[in-house]
Each structure stands twice: as structure tokens, then as C-alpha cells.
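Here the structure comes first, spelled out in C-alpha cells, and everything after it is commentary.
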Amino acid sequence: MTGFSLLPFFMIGLLGGLHCVGMCGGIVSAFTAVSKPARAFPIAVVGVNMTHSIAWDNVSRVFAYNAGRISSYAIAGAIVGSVAGSIHSLAGLASLQIAGYWLANLMLVVLGLYLMDVWRGLAHLEAFGHIIWRHIQPLMKHLLPIDNAGKAFALGGLWGWLPCGMVYSVLLTAMFTGSAVSGASVMLAFGLGTLPMMLGLGLIGSRLRVWSQQRAVRMACGALVLAFGVLGLMRASGMSAGYMDVFCISPPSMAAITPATSTPATLEFAR
């Protein structure tokens, strides 16, 4: 996949970051909760130097946590991409691929409605992921308190498997890329899109929370995510959105199953 074709996944992560504030806000806030010195400092570092040391510890834990979280997304994308790619007959099941593509974009519509606080159906979709999460969550207790970057990275790696409808919608598309590398690339682009919001949440905390909960902000971001889903559904039905196709979720394998009525530009983007 080209960098340009990964733009939609990055944008979904960037705009859907408001959802991350609610899902991950508590665990990220815990980084600052352990920012008080846990050991005695020499007299030479008391004062300004101690403050700088604590600030650097916070920053390193926030970056490590997000590195672990995004790594788990990439691993999940590689797994589902390789599994789907190993089923050679899948390439001939055009109807199954199209159904998956429709479902992925419908989940974006649901995410947009959730961000706009119009419909909370996303919570029901996330319930399915709790089957796996029940086995992962107990491991977190071994990483608390989050007092170093290593623990933060490991915790992020576990937290990346938290049931999340937004992740599922992109992961479903990653599955139909047909290879481990492409699947991992899709999820990596998505994870990087969530990074600005998550870094801000870890570094400025409550101020970002207040901003992200403003109705105007949620409505604007939700409307854009909703638009991405609608454009994707337009493509699935054989319509072309012209230059706006760049903002649609479209796995590479769609080039082989796009209806003949699609324009050359659509096929070129899908490849």
C-alpha cells in the first residue's frame, strides 16, 4: 500500500481521537499520578532540576505507552491480514469482500453518530471484544504502578486490545488487504492518527478533556467521520466520489471487485 492510500486510516484515527479520550483517559491520567518522586534525590537536583526530571519521566511514560498501544494495533493488523491472505479462495469471494467493506464503513457511520452523541450503539458493538479482554485485563495488575517507561510500554501493548468499535472498523478493513504487511500498515497509520490526541491527553490532561467534550468539537469531528463512512458506502454501491475518494476506506483488494462502472481514478486509488 502507498502512503497516499493510507491517508484515510490516519484521518479516521485523528478525528476519532475524541473517542480515545473517553476510552483511555483514565489510564493515561495515571502517568501523572505517579509523578511524585518515589526515591530520594540528591540535594543537587532539588528544585528546578527535580521538576525537570519529573516532567521528563512523565513524557517518557506517555510516549512509551503510546508506542506499545500502536504496536499492538499493528500486530493485530498483521494477524488478520495474514489470516485472510492465507485463505486463497477468499480472492474469488467478491460478495464476501464487498460485505466486509460495507460493514467497515457502516461502523464508521456508527462511530460518527457516537461522537456526535446522536446514537450510542457503538457501546453494544464493543461488547463482543470483552471475550478476549477478560483474559488480558488481569495481566495489567503486574504493571502497576506505572513508574517507568518499560511498564508504560507493556501496559500500552495490553491496552491496545481494549474493546473499541473504532479500532474494529479499521481492523475489519485491514483484514481484507490480504497480507500481513498491508494489514499492519493500515493499523499503524490509524494508530499514528490517534497519537496527537493521546499525547495531548497524557501531557496536558484535564484541559484537553474539557476541550474534547465541547459539543461543537464533538459534532464537527463526528460529522467528518460520518462523511467518511457515507463516502465509503457510495463507493461500495458502485458510485465514484471523484477526488474525495482519497478520504474513503478502501482496501487494495477492492480493485479486483469494484464494479465495471467505477471510474479509472477509483480503480487506481484502490490499487
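Residues in the C-alpha cells are numbered from 1 in each chain, the chains being A, B, ... in the order shown, and ligands are numbered from 1 in the order shown.
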Please provide the set of residues having any atom within 12 Å of A:Trp119, restricted to only C-alpha atoms, with same-chain residues fewer than 6 positions apart removed, written as a compact mmCIF listing (two decimals) with all heavy atoms, in the first residue's frame.
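Contents of the output file selection.txt:
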# COMPACT_ATOMS: atom_id res chain seq x y z
N VAL A 109 -19.94 5.03 10.17
CA VAL A 109 -21.16 5.81 10.33
C VAL A 109 -21.60 5.76 11.79
O VAL A 109 -21.97 6.79 12.39
CB VAL A 109 -22.28 5.27 9.41
CG1 VAL A 109 -23.61 5.94 9.74
CG2 VAL A 109 -21.92 5.50 7.95
N VAL A 110 -21.55 4.57 12.38
CA VAL A 110 -21.92 4.42 13.79
C VAL A 110 -20.99 5.23 14.69
O VAL A 110 -21.43 5.88 15.65
CB VAL A 110 -21.89 2.92 14.18
CG1 VAL A 110 -22.06 2.76 15.68
CG2 VAL A 110 -22.99 2.16 13.44
N LEU A 111 -19.68 5.20 14.37
CA LEU A 111 -18.71 5.96 15.16
C LEU A 111 -19.00 7.45 15.06
O LEU A 111 -18.94 8.18 16.06
CB LEU A 111 -17.30 5.67 14.67
CG LEU A 111 -16.18 6.50 15.30
CD1 LEU A 111 -16.12 6.26 16.81
CD2 LEU A 111 -14.84 6.19 14.65
N GLY A 112 -19.33 7.92 13.85
CA GLY A 112 -19.66 9.34 13.68
C GLY A 112 -20.86 9.73 14.52
O GLY A 112 -20.85 10.78 15.17
N LEU A 113 -21.88 8.89 14.52
CA LEU A 113 -23.08 9.17 15.32
C LEU A 113 -22.76 9.15 16.82
O LEU A 113 -23.32 9.93 17.59
CB LEU A 113 -24.17 8.14 15.01
CG LEU A 113 -24.73 8.18 13.58
CD1 LEU A 113 -25.70 7.03 13.36
CD2 LEU A 113 -25.41 9.52 13.30
N GLY A 222 -17.40 14.25 14.64
CA GLY A 222 -18.33 13.17 14.34
C GLY A 222 -18.90 13.29 12.94
O GLY A 222 -19.06 12.29 12.23
**Message:** When you look at A:Ala67 with a cut-off of 12 Å (counting only C-alpha atoms), what residues show up, excluding the ones that are within fewer than 3 positions of it in the same chain? I need them as a PyMOL selection string.
**Reply:** chain A and resi 60-64+70-74+149-160+188+191-192+194-195+198-199
**Message:** DSSP on the backbone: which residues in stretch 98-134 of chain A end up as alpha helix (DSSP H)? Give the answer as an MDAnalysis selection string.
**Reply:** chainID A and resid 98:115 122:126 130:134
**Message:** Taking only C-alpha atoms into account, name the residue in A:Asn105, A:Asn58, A:Asn66, A:Ser169 that is nearest to A:Leu233.
**Reply:** A:Asn105
**Prompt:** What gap, in Å, lies between atom CA of A:Thr177 and atom CA of A:Ala76?
**Reply:**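 It comes out at 13.0 Å.
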**Request:** Choose the residue, out of A:Ala104, A:Ala174, A:Trp56, A:Val21, that has the smallest atom-to-atom separation from A:Val210; count only C-alpha atoms.
**Result:**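 Looking only at the distances to A:Val210, the closest residue turns out to be A:Val21.
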**Message:** Applying 10 Å and only C-alpha atoms, which residues near A:Val230 remain after dropping the ones on its own chain fewer than 6 positions away? List them as a PyMOL selection string.
**Reply:** chain A and resi 102+105-106+108-109+224+236+248
**Asked** With distances taken over only C-alpha atoms, which of A:Met175, A:Ile98, A:Cys221, A:Leu231 is nearest to A:Asp117?
**Response** A:Cys221
**Prompt:** Using only C-alpha atoms, which residue out of A:Ala55, A:Cys20, A:Ala127, A:Leu203 lies closest to A:Arg69?
**Reply:**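 For A:Arg69, the nearest of the candidates is A:Cys20.
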**Message:** What's around stretch 212-218 of chain A at 7 Å? Count only C-alpha atoms, leave out sequence neighbours fewer than 3 positions away in its own chain, and write the answer as a list in words.
**Reply:**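 Here the qualifying residues turn out to be Leu18, Leu115, Met116, Leu208, Arg209, Cys221 and Gly222 of chain A.
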**Message:** I'd like the contact shell of A:Val181 - 8 Å cut-off, only C-alpha atoms, skipping same-chain residues fewer than 4 positions apart - returned as a PyMOL selection string.
**Reply:** chain A and resi 78+81+185
**Request:** Find the residue from A:Ala99, A:Ala223, A:Leu122, A:Met197 that sits nearest to A:Ser237; use only C-alpha atoms when measuring.
**Result:**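 Nearest to A:Ser237: A:Ala99.
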**Asked** So, counting only C-alpha atoms, which residue among A:Ile12, A:Ile79, A:Val59, A:Leu172 is closest to A:Gln97?
**Response** A:Leu172
**Asked** Got a sec: who's within 12 Å of A:Met11, counting only C-alpha atoms, leaving out chain neighbours fewer than 3 positions off, as JSON, numbers by chain?
**Response** {"A": [4, 5, 6, 7, 8, 14, 15, 16, 17, 108, 170, 186, 187, 189, 190, 191, 192, 193, 194, 195, 196, 221, 224, 225, 227, 228, 246, 247, 248, 249]}
**Asked** Expressed in Å to a single decimal, how great is the separation between atom CA of A:Ala220 and atom CA of A:Val118?
**Response**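 Separation between atom CA of A:Ala220 and atom CA of A:Val118: 12.7 Å.
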**Asked** Any idea what the distance is between atom CA of A:His142 and atom CA of A:Trp161?
**Response**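 So the two atoms, atom CA of A:His142 and atom CA of A:Trp161, lie 16.7 Å apart.
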